[in-house]
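For reference, run-v4.txt (compact mmCIF, N, CA, C and O atoms):
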# COMPACT_ATOMS: atom_id res chain seq x y z
N MET J 200 149.41 71.90 -9.01
CA MET J 200 150.60 72.64 -8.65
C MET J 200 151.82 71.79 -9.00
O MET J 200 151.79 70.57 -8.90
N VAL J 201 152.88 72.44 -9.39
CA VAL J 201 154.13 71.77 -9.73
C VAL J 201 155.25 72.39 -8.91
O VAL J 201 155.38 73.61 -8.84
N LYS J 202 156.05 71.54 -8.28
CA LYS J 202 157.22 71.98 -7.52
C LYS J 202 158.45 71.39 -8.20
O LYS J 202 158.47 70.20 -8.52
N VAL J 203 159.47 72.21 -8.41
CA VAL J 203 160.67 71.76 -9.11
C VAL J 203 161.89 72.01 -8.24
O VAL J 203 162.06 73.12 -7.71
N THR J 204 162.73 71.00 -8.09
CA THR J 204 164.03 71.16 -7.44
C THR J 204 165.11 70.91 -8.50
O THR J 204 164.79 70.70 -9.68
N ASP J 205 166.36 70.91 -8.09
CA ASP J 205 167.44 70.68 -9.05
C ASP J 205 167.36 69.30 -9.70
O ASP J 205 167.77 69.13 -10.84
N LYS J 206 166.83 68.31 -8.98
CA LYS J 206 166.85 66.95 -9.48
C LYS J 206 165.48 66.29 -9.61
O LYS J 206 165.38 65.19 -10.14
N GLN J 207 164.42 66.94 -9.16
CA GLN J 207 163.09 66.33 -9.17
C GLN J 207 162.02 67.33 -9.57
O GLN J 207 162.14 68.52 -9.31
N VAL J 208 160.97 66.81 -10.19
CA VAL J 208 159.74 67.56 -10.44
C VAL J 208 158.63 66.84 -9.69
O VAL J 208 158.48 65.62 -9.81
N TYR J 209 157.87 67.58 -8.92
CA TYR J 209 156.76 67.01 -8.15
C TYR J 209 155.47 67.61 -8.69
O TYR J 209 155.34 68.82 -8.78
N VAL J 210 154.52 66.76 -9.01
CA VAL J 210 153.23 67.22 -9.54
C VAL J 210 152.15 66.90 -8.51
O VAL J 210 152.01 65.75 -8.08
N TYR J 211 151.40 67.93 -8.17
CA TYR J 211 150.33 67.79 -7.17
C TYR J 211 148.99 68.09 -7.83
O TYR J 211 148.89 68.95 -8.70
N TYR J 212 147.97 67.38 -7.40
CA TYR J 212 146.60 67.66 -7.81
C TYR J 212 145.75 67.70 -6.55
O TYR J 212 145.73 66.75 -5.77
N GLU J 213 145.09 68.82 -6.34
CA GLU J 213 144.30 69.05 -5.13
C GLU J 213 145.12 68.73 -3.87
O GLU J 213 144.69 67.98 -2.99
N ASN J 214 146.33 69.30 -3.83
CA ASN J 214 147.27 69.17 -2.70
C ASN J 214 147.74 67.74 -2.45
O ASN J 214 148.29 67.45 -1.39
N GLU J 215 147.54 66.84 -3.39
CA GLU J 215 148.02 65.46 -3.25
C GLU J 215 149.08 65.20 -4.31
O GLU J 215 148.89 65.50 -5.49
N LEU J 216 150.22 64.66 -3.88
CA LEU J 216 151.29 64.32 -4.81
C LEU J 216 150.83 63.18 -5.71
O LEU J 216 150.46 62.10 -5.23
N ILE J 217 150.82 63.42 -7.02
CA ILE J 217 150.35 62.38 -7.94
C ILE J 217 151.46 61.85 -8.85
O ILE J 217 151.33 60.77 -9.42
N LYS J 218 152.58 62.58 -8.96
CA LYS J 218 153.64 62.12 -9.84
C LYS J 218 154.95 62.80 -9.50
O LYS J 218 154.96 63.97 -9.12
N THR J 219 156.04 62.05 -9.60
CA THR J 219 157.37 62.63 -9.49
C THR J 219 158.17 62.23 -10.73
O THR J 219 157.97 61.15 -11.29
N HIS J 220 159.02 63.12 -11.18
CA HIS J 220 159.91 62.87 -12.31
C HIS J 220 161.30 63.30 -11.89
O HIS J 220 161.48 64.38 -11.34
N SER J 221 162.29 62.46 -12.18
CA SER J 221 163.66 62.91 -11.98
C SER J 221 164.06 63.74 -13.20
O SER J 221 163.51 63.58 -14.28
N ILE J 222 164.98 64.66 -13.00
CA ILE J 222 165.46 65.51 -14.08
C ILE J 222 166.84 64.99 -14.49
O ILE J 222 167.82 65.20 -13.78
N PRO J 223 166.91 64.28 -15.62
CA PRO J 223 168.20 63.73 -16.05
C PRO J 223 169.06 64.80 -16.70
O PRO J 223 168.57 65.89 -17.05
N ARG J 224 170.32 64.51 -16.87
CA ARG J 224 171.23 65.45 -17.51
C ARG J 224 171.28 65.15 -19.01
O ARG J 224 171.48 64.03 -19.42
N GLY J 225 171.07 66.16 -19.83
CA GLY J 225 171.32 66.05 -21.25
C GLY J 225 170.17 65.60 -22.13
O GLY J 225 170.28 65.66 -23.33
N TYR J 226 169.08 65.11 -21.58
CA TYR J 226 167.96 64.72 -22.42
C TYR J 226 166.67 64.74 -21.62
O TYR J 226 166.68 64.75 -20.40
N ARG J 227 165.58 64.71 -22.35
CA ARG J 227 164.28 64.68 -21.70
C ARG J 227 163.97 63.27 -21.22
O ARG J 227 164.42 62.29 -21.80
N GLN J 228 163.15 63.19 -20.22
CA GLN J 228 162.72 61.89 -19.72
C GLN J 228 161.21 61.90 -19.62
O GLN J 228 160.63 62.81 -19.03
N THR J 229 160.59 60.92 -20.22
CA THR J 229 159.14 60.84 -20.21
C THR J 229 158.72 59.46 -19.76
O THR J 229 159.28 58.46 -20.20
N ASP J 230 157.77 59.40 -18.89
CA ASP J 230 157.19 58.12 -18.45
C ASP J 230 156.05 57.80 -19.41
O ASP J 230 155.01 58.44 -19.40
N LEU J 231 156.27 56.80 -20.26
CA LEU J 231 155.27 56.46 -21.27
C LEU J 231 153.95 56.01 -20.64
O LEU J 231 152.90 56.09 -21.28
N ASN J 232 154.00 55.57 -19.40
CA ASN J 232 152.77 55.16 -18.72
C ASN J 232 151.85 56.34 -18.43
O ASN J 232 150.67 56.15 -18.13
N ASP J 233 152.37 57.57 -18.54
CA ASP J 233 151.55 58.76 -18.32
C ASP J 233 150.67 59.08 -19.53
O ASP J 233 149.74 59.85 -19.41
N PHE J 234 150.99 58.50 -20.68
CA PHE J 234 150.21 58.75 -21.88
C PHE J 234 148.96 57.89 -21.90
O PHE J 234 148.95 56.77 -21.39
N PRO J 235 147.89 58.37 -22.54
CA PRO J 235 146.71 57.52 -22.71
C PRO J 235 147.05 56.30 -23.57
O PRO J 235 148.03 56.31 -24.32
N GLU J 236 146.24 55.27 -23.48
CA GLU J 236 146.52 54.02 -24.20
C GLU J 236 146.69 54.23 -25.70
O GLU J 236 147.56 53.60 -26.31
N ASN J 237 145.86 55.09 -26.30
CA ASN J 237 145.98 55.28 -27.75
C ASN J 237 147.33 55.90 -28.13
O ASN J 237 147.91 55.54 -29.14
N MET J 238 147.86 56.81 -27.31
CA MET J 238 149.18 57.39 -27.59
C MET J 238 150.29 56.39 -27.34
O MET J 238 151.28 56.36 -28.06
N GLN J 239 150.16 55.54 -26.33
CA GLN J 239 151.15 54.49 -26.08
C GLN J 239 151.25 53.58 -27.29
O GLN J 239 152.35 53.17 -27.68
N ALA J 240 150.13 53.24 -27.91
CA ALA J 240 150.14 52.38 -29.09
C ALA J 240 150.88 53.05 -30.24
O ALA J 240 151.66 52.41 -30.95
N VAL J 241 150.67 54.36 -30.42
CA VAL J 241 151.36 55.08 -31.49
C VAL J 241 152.86 55.12 -31.22
O VAL J 241 153.67 54.93 -32.13
N ILE J 242 153.24 55.34 -29.97
CA ILE J 242 154.67 55.42 -29.63
C ILE J 242 155.35 54.07 -29.80
O ILE J 242 156.47 53.98 -30.29
N ASN J 243 154.70 53.00 -29.39
CA ASN J 243 155.30 51.67 -29.44
C ASN J 243 155.21 51.02 -30.82
O ASN J 243 155.83 50.01 -31.06
N LYS J 244 154.42 51.59 -31.69
CA LYS J 244 154.29 51.05 -33.04
C LYS J 244 154.60 52.18 -34.01
O LYS J 244 155.35 53.07 -33.71
N GLY J 245 154.08 52.15 -35.18
CA GLY J 245 154.27 53.24 -36.13
C GLY J 245 155.72 53.46 -36.50
O GLY J 245 156.52 52.54 -36.58
N MET J 246 156.07 54.71 -36.74
CA MET J 246 157.41 55.07 -37.23
C MET J 246 158.53 54.65 -36.28
O MET J 246 159.52 54.07 -36.74
N PRO J 247 158.46 54.90 -34.96
CA PRO J 247 159.55 54.45 -34.10
C PRO J 247 159.77 52.93 -34.17
O PRO J 247 160.90 52.46 -34.22
N TYR J 248 158.69 52.18 -34.22
CA TYR J 248 158.80 50.72 -34.34
C TYR J 248 159.49 50.34 -35.65
O TYR J 248 160.38 49.50 -35.67
N ALA J 249 159.08 50.98 -36.73
CA ALA J 249 159.67 50.69 -38.04
C ALA J 249 161.15 51.04 -38.07
O ALA J 249 161.97 50.29 -38.62
N LEU J 250 161.52 52.18 -37.46
CA LEU J 250 162.94 52.56 -37.41
C LEU J 250 163.75 51.53 -36.64
O LEU J 250 164.84 51.13 -37.07
N ARG J 251 163.23 51.09 -35.49
CA ARG J 251 163.95 50.08 -34.70
C ARG J 251 164.11 48.78 -35.50
O ARG J 251 165.19 48.19 -35.52
N LYS J 252 163.06 48.36 -36.15
CA LYS J 252 163.10 47.11 -36.92
C LYS J 252 164.09 47.21 -38.08
O LYS J 252 164.91 46.31 -38.30
N ASN J 253 164.04 48.30 -38.83
CA ASN J 253 164.96 48.49 -39.96
C ASN J 253 166.40 48.56 -39.49
O ASN J 253 167.30 48.03 -40.14
N ALA J 254 166.65 49.23 -38.38
CA ALA J 254 168.01 49.33 -37.85
C ALA J 254 168.54 47.96 -37.43
O ALA J 254 169.70 47.63 -37.68
N GLU J 255 167.70 47.15 -36.80
CA GLU J 255 168.12 45.81 -36.41
C GLU J 255 168.43 44.93 -37.61
O GLU J 255 169.29 44.05 -37.55
N GLU J 256 167.74 45.17 -38.72
CA GLU J 256 168.02 44.42 -39.95
C GLU J 256 169.38 44.78 -40.52
O GLU J 256 170.02 43.95 -41.16
N ILE J 257 169.83 46.01 -40.30
CA ILE J 257 171.16 46.41 -40.76
C ILE J 257 172.21 45.64 -39.98
O ILE J 257 173.09 45.01 -40.55
N CYS J 258 172.12 45.67 -38.66
CA CYS J 258 172.95 44.84 -37.79
C CYS J 258 172.51 45.08 -36.34
O CYS J 258 171.94 46.12 -36.03
N PRO J 259 172.77 44.12 -35.46
CA PRO J 259 172.32 44.26 -34.06
C PRO J 259 172.85 45.51 -33.36
O PRO J 259 172.11 46.16 -32.63
N GLU J 260 174.13 45.85 -33.59
CA GLU J 260 174.71 47.01 -32.93
C GLU J 260 174.04 48.30 -33.37
O GLU J 260 173.80 49.20 -32.57
N PHE J 261 173.73 48.39 -34.66
CA PHE J 261 173.05 49.59 -35.16
C PHE J 261 171.63 49.65 -34.60
O PHE J 261 171.14 50.72 -34.26
N GLY J 262 170.99 48.51 -34.48
CA GLY J 262 169.68 48.45 -33.85
C GLY J 262 169.74 48.95 -32.41
O GLY J 262 168.85 49.68 -31.96
N ASP J 263 170.79 48.56 -31.67
CA ASP J 263 170.96 49.04 -30.30
C ASP J 263 171.14 50.55 -30.26
O ASP J 263 170.60 51.24 -29.39
N LEU J 264 171.92 51.07 -31.21
CA LEU J 264 172.15 52.52 -31.26
C LEU J 264 170.83 53.26 -31.50
O LEU J 264 170.52 54.22 -30.77
N ILE J 265 170.06 52.84 -32.47
CA ILE J 265 168.79 53.50 -32.76
C ILE J 265 167.85 53.38 -31.57
O ILE J 265 167.14 54.33 -31.21
N ASN J 266 167.85 52.23 -30.92
CA ASN J 266 167.00 52.05 -29.73
C ASN J 266 167.39 53.03 -28.63
O ASN J 266 166.53 53.62 -27.98
N LYS J 267 168.70 53.24 -28.42
CA LYS J 267 169.16 54.19 -27.41
C LYS J 267 168.77 55.62 -27.78
O LYS J 267 168.41 56.42 -26.90
N VAL J 268 168.84 55.95 -29.05
CA VAL J 268 168.45 57.30 -29.49
C VAL J 268 166.96 57.52 -29.25
O VAL J 268 166.54 58.58 -28.79
N LEU J 269 166.15 56.51 -29.53
CA LEU J 269 164.70 56.65 -29.41
C LEU J 269 164.18 56.45 -27.99
O LEU J 269 163.06 56.87 -27.68
N SER J 270 164.97 55.83 -27.12
CA SER J 270 164.47 55.47 -25.79
C SER J 270 164.06 56.64 -24.91
O SER J 270 163.03 56.57 -24.26
N PRO J 271 164.83 57.73 -24.83
CA PRO J 271 164.37 58.79 -23.94
C PRO J 271 162.99 59.31 -24.34
O PRO J 271 162.14 59.51 -23.50
N HIS J 272 162.77 59.55 -25.62
CA HIS J 272 161.46 59.97 -26.11
C HIS J 272 161.47 59.80 -27.62
O HIS J 272 162.12 60.55 -28.34
N ALA J 273 160.74 58.81 -28.10
CA ALA J 273 160.79 58.43 -29.51
C ALA J 273 160.45 59.57 -30.45
O ALA J 273 161.16 59.80 -31.44
N PHE J 274 159.39 60.32 -30.19
CA PHE J 274 158.99 61.35 -31.14
C PHE J 274 159.91 62.56 -31.12
O PHE J 274 160.15 63.17 -32.15
N ILE J 275 160.45 62.90 -29.98
CA ILE J 275 161.38 64.03 -29.92
C ILE J 275 162.68 63.68 -30.64
O ILE J 275 163.29 64.51 -31.30
N ASN J 276 163.11 62.43 -30.55
CA ASN J 276 164.40 62.02 -31.11
C ASN J 276 164.28 61.30 -32.46
O ASN J 276 165.27 60.79 -32.96
N MET J 277 163.09 61.29 -33.04
CA MET J 277 162.91 60.57 -34.29
C MET J 277 163.75 61.15 -35.42
O MET J 277 164.31 60.42 -36.23
N ARG J 278 163.90 62.48 -35.49
CA ARG J 278 164.72 63.07 -36.56
C ARG J 278 166.18 62.66 -36.43
O ARG J 278 166.86 62.45 -37.43
N LYS J 279 166.68 62.52 -35.20
CA LYS J 279 168.06 62.04 -35.01
C LYS J 279 168.19 60.63 -35.56
O LYS J 279 169.15 60.30 -36.26
N ALA J 280 167.22 59.77 -35.22
CA ALA J 280 167.24 58.39 -35.69
C ALA J 280 167.14 58.32 -37.21
O ALA J 280 167.85 57.54 -37.86
N LEU J 281 166.27 59.14 -37.79
CA LEU J 281 166.14 59.17 -39.25
C LEU J 281 167.45 59.62 -39.91
O LEU J 281 167.85 59.09 -40.94
N GLY J 282 168.13 60.59 -39.30
CA GLY J 282 169.41 61.04 -39.82
C GLY J 282 170.45 59.94 -39.80
O GLY J 282 171.20 59.75 -40.77
N LEU J 283 170.50 59.19 -38.69
CA LEU J 283 171.44 58.07 -38.61
C LEU J 283 171.11 57.00 -39.64
O LEU J 283 172.01 56.43 -40.26
N MET J 284 169.82 56.73 -39.83
CA MET J 284 169.42 55.75 -40.84
C MET J 284 169.82 56.22 -42.24
O MET J 284 170.27 55.43 -43.06
N ASN J 285 169.70 57.51 -42.49
CA ASN J 285 170.09 58.07 -43.78
C ASN J 285 171.59 57.90 -44.02
O ASN J 285 172.02 57.50 -45.10
N VAL J 286 172.39 58.19 -43.00
CA VAL J 286 173.84 58.01 -43.12
C VAL J 286 174.17 56.54 -43.34
O VAL J 286 174.98 56.19 -44.20
N ALA J 287 173.53 55.66 -42.57
CA ALA J 287 173.80 54.23 -42.69
C ALA J 287 173.46 53.72 -44.08
O ALA J 287 174.16 52.84 -44.61
N SER J 288 172.44 54.27 -44.70
CA SER J 288 172.06 53.81 -46.04
C SER J 288 173.10 54.18 -47.10
O SER J 288 173.15 53.58 -48.16
N LYS J 289 173.95 55.17 -46.80
CA LYS J 289 174.96 55.62 -47.76
C LYS J 289 176.32 54.96 -47.54
O LYS J 289 177.22 55.11 -48.37
N LEU J 290 176.49 54.26 -46.43
CA LEU J 290 177.77 53.63 -46.12
C LEU J 290 177.80 52.20 -46.65
O LEU J 290 176.76 51.57 -46.80
N PRO J 291 179.01 51.67 -46.88
CA PRO J 291 179.10 50.28 -47.31
C PRO J 291 178.52 49.34 -46.25
O PRO J 291 178.59 49.63 -45.05
N CYS J 292 177.97 48.25 -46.69
CA CYS J 292 177.37 47.28 -45.78
C CYS J 292 178.38 46.85 -44.71
O CYS J 292 179.51 46.51 -45.03
N GLY J 293 177.99 46.88 -43.47
CA GLY J 293 178.85 46.44 -42.37
C GLY J 293 179.78 47.50 -41.83
O GLY J 293 180.46 47.28 -40.84
N TYR J 294 179.83 48.66 -42.45
CA TYR J 294 180.76 49.72 -42.03
C TYR J 294 180.52 50.18 -40.60
O TYR J 294 181.44 50.54 -39.90
N TYR J 295 179.30 50.15 -40.15
CA TYR J 295 178.92 50.71 -38.86
C TYR J 295 178.70 49.66 -37.80
O TYR J 295 178.21 49.95 -36.73
N CYS J 296 179.07 48.41 -38.07
CA CYS J 296 178.83 47.33 -37.10
C CYS J 296 180.14 46.70 -36.67
O CYS J 296 180.96 46.31 -37.49
N ARG J 297 180.34 46.61 -35.36
CA ARG J 297 181.57 46.05 -34.82
C ARG J 297 181.74 44.58 -35.14
O ARG J 297 182.83 44.07 -35.21
N SER J 298 180.62 43.86 -35.31
CA SER J 298 180.70 42.41 -35.53
C SER J 298 181.16 42.05 -36.93
O SER J 298 181.45 40.92 -37.22
N GLN J 299 181.26 43.05 -37.82
CA GLN J 299 181.69 42.80 -39.18
C GLN J 299 182.95 43.62 -39.46
O GLN J 299 183.06 44.75 -39.01
N PRO J 300 183.91 43.06 -40.20
CA PRO J 300 185.13 43.82 -40.50
C PRO J 300 184.83 45.00 -41.41
O PRO J 300 183.88 44.96 -42.21
N LEU J 301 185.62 46.06 -41.26
CA LEU J 301 185.44 47.25 -42.11
C LEU J 301 185.73 46.92 -43.56
O LEU J 301 186.58 46.10 -43.86
N GLY J 302 185.01 47.56 -44.44
CA GLY J 302 185.26 47.40 -45.87
C GLY J 302 184.63 46.18 -46.51
O GLY J 302 184.89 45.88 -47.66
N THR J 303 183.80 45.46 -45.78
CA THR J 303 183.15 44.30 -46.39
C THR J 303 181.76 44.66 -46.81
O THR J 303 181.18 45.58 -46.38

Could you write out this file's structure as structure tokens?
Amino acid sequence: MVKVTDKQVYVYYENELIKTHSIPRGYRQTDLNDFPENMQAVINKGMPYALRKNAEEICPEFGDLINKVLSPHAFINMRKALGLMNVASKLPCGYYCRSQPLGT
């Protein structure tokens, strides 16, 4: 059974509360610990891992941005991250990083 309020989701199994989730504003929230180990490995490695690593190589601030985009749920937000990476690849080096002056 599932009970939903404005701010919480309660999941029951055989009348016992087994999980609660808060309902955030504006994005999905997933507890990665709820996934089986094989899915956790895919989420923490694979494409999301490669996107984070490539973004950090561009500059630390861009890496932070991609990490924030992927943090709520990597697979749901992967297309957003890929789009940002695509835009970054077309801009001059350093254009998107605060630690570097514009136009360098």

Residue among J:Met200, J:Glu260, J:Ala254, J:Pro271 lying closest to Asp230 of chain J, counting only N, CA, C and O atoms: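 The shortest atom-to-atom distance to Asp230 of chain J comes from J:Pro271.
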
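Look at Lys206 of chain J: the protein and nucleic acid residues within 8 Å of it, using all atoms listed in the file and passing over chain neighbours fewer than 2 places away, are Val203, Thr204, Val208, Tyr209, Thr219, His220, Ser221, Ile222 and Pro223 of chain J.
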
With N, CA, C and O atoms kept, could you save the residues just selected as an mmCIF file, in the coordinates of the input?
data_model
loop_
_atom_site.group_PDB
_atom_site.id
_atom_site.type_symbol
_atom_site.label_atom_id
_atom_site.label_comp_id
_atom_site.auth_asym_id
_atom_site.auth_seq_id
_atom_site.Cartn_x
_atom_site.Cartn_y
_atom_site.Cartn_z
ATOM 1 N N VAL J 203 159.470 72.210 -8.410
ATOM 2 C CA VAL J 203 160.670 71.760 -9.110
ATOM 3 C C VAL J 203 161.890 72.010 -8.240
ATOM 4 O O VAL J 203 162.060 73.120 -7.710
ATOM 5 N N THR J 204 162.730 71.000 -8.090
ATOM 6 C CA THR J 204 164.030 71.160 -7.440
ATOM 7 C C THR J 204 165.110 70.910 -8.500
ATOM 8 O O THR J 204 164.790 70.700 -9.680
ATOM 9 N N VAL J 208 160.970 66.810 -10.190
ATOM 10 C CA VAL J 208 159.740 67.560 -10.440
ATOM 11 C C VAL J 208 158.630 66.840 -9.690
ATOM 12 O O VAL J 208 158.480 65.620 -9.810
ATOM 13 N N TYR J 209 157.870 67.580 -8.920
ATOM 14 C CA TYR J 209 156.760 67.010 -8.150
ATOM 15 C C TYR J 209 155.470 67.610 -8.690
ATOM 16 O O TYR J 209 155.340 68.820 -8.780
ATOM 17 N N THR J 219 156.040 62.050 -9.600
ATOM 18 C CA THR J 219 157.370 62.630 -9.490
ATOM 19 C C THR J 219 158.170 62.230 -10.730
ATOM 20 O O THR J 219 157.970 61.150 -11.290
ATOM 21 N N HIS J 220 159.020 63.120 -11.180
ATOM 22 C CA HIS J 220 159.910 62.870 -12.310
ATOM 23 C C HIS J 220 161.300 63.300 -11.890
ATOM 24 O O HIS J 220 161.480 64.380 -11.340
ATOM 25 N N SER J 221 162.290 62.460 -12.180
ATOM 26 C CA SER J 221 163.660 62.910 -11.980
ATOM 27 C C SER J 221 164.060 63.740 -13.200
ATOM 28 O O SER J 221 163.510 63.580 -14.280
ATOM 29 N N ILE J 222 164.980 64.660 -13.000
ATOM 30 C CA ILE J 222 165.460 65.510 -14.080
ATOM 31 C C ILE J 222 166.840 64.990 -14.490
ATOM 32 O O ILE J 222 167.820 65.200 -13.780
ATOM 33 N N PRO J 223 166.910 64.280 -15.620
ATOM 34 C CA PRO J 223 168.200 63.730 -16.050
ATOM 35 C C PRO J 223 169.060 64.800 -16.700
ATOM 36 O O PRO J 223 168.570 65.890 -17.050
#

Separation of atom C of Gln207 of chain J from atom O of His272 of chain J in Å: 20.0 Å

Residues near Asn266 of chain J, cut-off 12 Å, only C-alpha atoms, skip fewer than 3 positions along chain, as a list in words: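 With the cut-off at 12 Å, the set is Asn243, Pro247, Tyr248, Ala249, Leu250, Arg251, Lys252, Asn253, Ala254, Glu255, Pro259, Glu260, Phe261, Gly262, Asp263, Leu269, Ser270, Pro271, His272, Ala273, Asn276, Met277, Lys279, Ala280, Leu281, Leu283 and Met284 of chain J.
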
Limited to N, CA, C and O atoms, could you put the picked residues into a file as a CSV table (one decimal), in the coordinates of the input?
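The file below, selection.csv, is the result:
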chain,number,residue,atom,x,y,z
J,243,ASN,N,154.7,53.0,-29.4
J,243,ASN,CA,155.3,51.7,-29.4
J,243,ASN,C,155.2,51.0,-30.8
J,243,ASN,O,155.8,50.0,-31.1
J,247,PRO,N,158.5,54.9,-35.0
J,247,PRO,CA,159.6,54.4,-34.1
J,247,PRO,C,159.8,52.9,-34.2
J,247,PRO,O,160.9,52.5,-34.2
J,248,TYR,N,158.7,52.2,-34.2
J,248,TYR,CA,158.8,50.7,-34.3
J,248,TYR,C,159.5,50.3,-35.6
J,248,TYR,O,160.4,49.5,-35.7
J,249,ALA,N,159.1,51.0,-36.7
J,249,ALA,CA,159.7,50.7,-38.0
J,249,ALA,C,161.2,51.0,-38.1
J,249,ALA,O,162.0,50.3,-38.6
J,250,LEU,N,161.5,52.2,-37.5
J,250,LEU,CA,162.9,52.6,-37.4
J,250,LEU,C,163.8,51.5,-36.6
J,250,LEU,O,164.8,51.1,-37.1
J,251,ARG,N,163.2,51.1,-35.5
J,251,ARG,CA,164.0,50.1,-34.7
J,251,ARG,C,164.1,48.8,-35.5
J,251,ARG,O,165.2,48.2,-35.5
J,252,LYS,N,163.1,48.4,-36.2
J,252,LYS,CA,163.1,47.1,-36.9
J,252,LYS,C,164.1,47.2,-38.1
J,252,LYS,O,164.9,46.3,-38.3
J,253,ASN,N,164.0,48.3,-38.8
J,253,ASN,CA,165.0,48.5,-40.0
J,253,ASN,C,166.4,48.6,-39.5
J,253,ASN,O,167.3,48.0,-40.1
J,254,ALA,N,166.6,49.2,-38.4
J,254,ALA,CA,168.0,49.3,-37.8
J,254,ALA,C,168.5,48.0,-37.4
J,254,ALA,O,169.7,47.6,-37.7
J,255,GLU,N,167.7,47.2,-36.8
J,255,GLU,CA,168.1,45.8,-36.4
J,255,GLU,C,168.4,44.9,-37.6
J,255,GLU,O,169.3,44.0,-37.6
J,259,PRO,N,172.8,44.1,-35.5
J,259,PRO,CA,172.3,44.3,-34.1
J,259,PRO,C,172.8,45.5,-33.4
J,259,PRO,O,172.1,46.2,-32.6
J,260,GLU,N,174.1,45.8,-33.6
J,260,GLU,CA,174.7,47.0,-32.9
J,260,GLU,C,174.0,48.3,-33.4
J,260,GLU,O,173.8,49.2,-32.6
J,261,PHE,N,173.7,48.4,-34.7
J,261,PHE,CA,173.0,49.6,-35.2
J,261,PHE,C,171.6,49.6,-34.6
J,261,PHE,O,171.1,50.7,-34.3
J,262,GLY,N,171.0,48.5,-34.5
J,262,GLY,CA,169.7,48.4,-33.8
J,262,GLY,C,169.7,49.0,-32.4
J,262,GLY,O,168.8,49.7,-32.0
J,263,ASP,N,170.8,48.6,-31.7
J,263,ASP,CA,171.0,49.0,-30.3
J,263,ASP,C,171.1,50.6,-30.3
J,263,ASP,O,170.6,51.2,-29.4
J,269,LEU,N,166.2,56.5,-29.5
J,269,LEU,CA,164.7,56.6,-29.4
J,269,LEU,C,164.2,56.4,-28.0
J,269,LEU,O,163.1,56.9,-27.7
J,270,SER,N,165.0,55.8,-27.1
J,270,SER,CA,164.5,55.5,-25.8
J,270,SER,C,164.1,56.6,-24.9
J,270,SER,O,163.0,56.6,-24.3
J,271,PRO,N,164.8,57.7,-24.8
J,271,PRO,CA,164.4,58.8,-23.9
J,271,PRO,C,163.0,59.3,-24.3
J,271,PRO,O,162.1,59.5,-23.5
J,272,HIS,N,162.8,59.6,-25.6
J,272,HIS,CA,161.5,60.0,-26.1
J,272,HIS,C,161.5,59.8,-27.6
J,272,HIS,O,162.1,60.6,-28.3
J,273,ALA,N,160.7,58.8,-28.1
J,273,ALA,CA,160.8,58.4,-29.5
J,273,ALA,C,160.4,59.6,-30.4
J,273,ALA,O,161.2,59.8,-31.4
J,276,ASN,N,163.1,62.4,-30.6
J,276,ASN,CA,164.4,62.0,-31.1
J,276,ASN,C,164.3,61.3,-32.5
J,276,ASN,O,165.3,60.8,-33.0
J,277,MET,N,163.1,61.3,-33.0
J,277,MET,CA,162.9,60.6,-34.3
J,277,MET,C,163.8,61.2,-35.4
J,277,MET,O,164.3,60.4,-36.2
J,279,LYS,N,166.7,62.5,-35.2
J,279,LYS,CA,168.1,62.0,-35.0
J,279,LYS,C,168.2,60.6,-35.6
J,279,LYS,O,169.2,60.3,-36.3
J,280,ALA,N,167.2,59.8,-35.2
J,280,ALA,CA,167.2,58.4,-35.7
J,280,ALA,C,167.1,58.3,-37.2
J,280,ALA,O,167.8,57.5,-37.9
J,281,LEU,N,166.3,59.1,-37.8
J,281,LEU,CA,166.1,59.2,-39.2
J,281,LEU,C,167.4,59.6,-39.9
J,281,LEU,O,167.8,59.1,-40.9
J,283,LEU,N,170.5,59.2,-38.7
J,283,LEU,CA,171.4,58.1,-38.6
J,283,LEU,C,171.1,57.0,-39.6
J,283,LEU,O,172.0,56.4,-40.3
J,284,MET,N,169.8,56.7,-39.8
J,284,MET,CA,169.4,55.8,-40.8
J,284,MET,C,169.8,56.2,-42.2
J,284,MET,O,170.3,55.4,-43.1

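Here atom C of Leu216 of chain J stands at a distance of 19.5 Å from atom C of Pro235 of chain J.
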
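In terms of minimum interatomic distance to Gly282 of chain J, J:Val268 ranks closest within J:Val210, J:Leu231, J:Val268, J:Ile257, counting only C-alpha atoms.
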
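Interatomic distance, atom N of Asp233 of chain J to atom N of Lys202 of chain J: 17.7 Å.
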
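Within chain J, residues classed as strand (DSSP E or B) by DSSP on backbone coordinates are J:Val201, J:Lys202, J:Val203, J:Gln207, J:Val208, J:Tyr209, J:Val210, J:Tyr211, J:Tyr212, J:Glu215, J:Leu216, J:Ile217, J:Lys218, J:Thr219, J:His220, J:Ser221.
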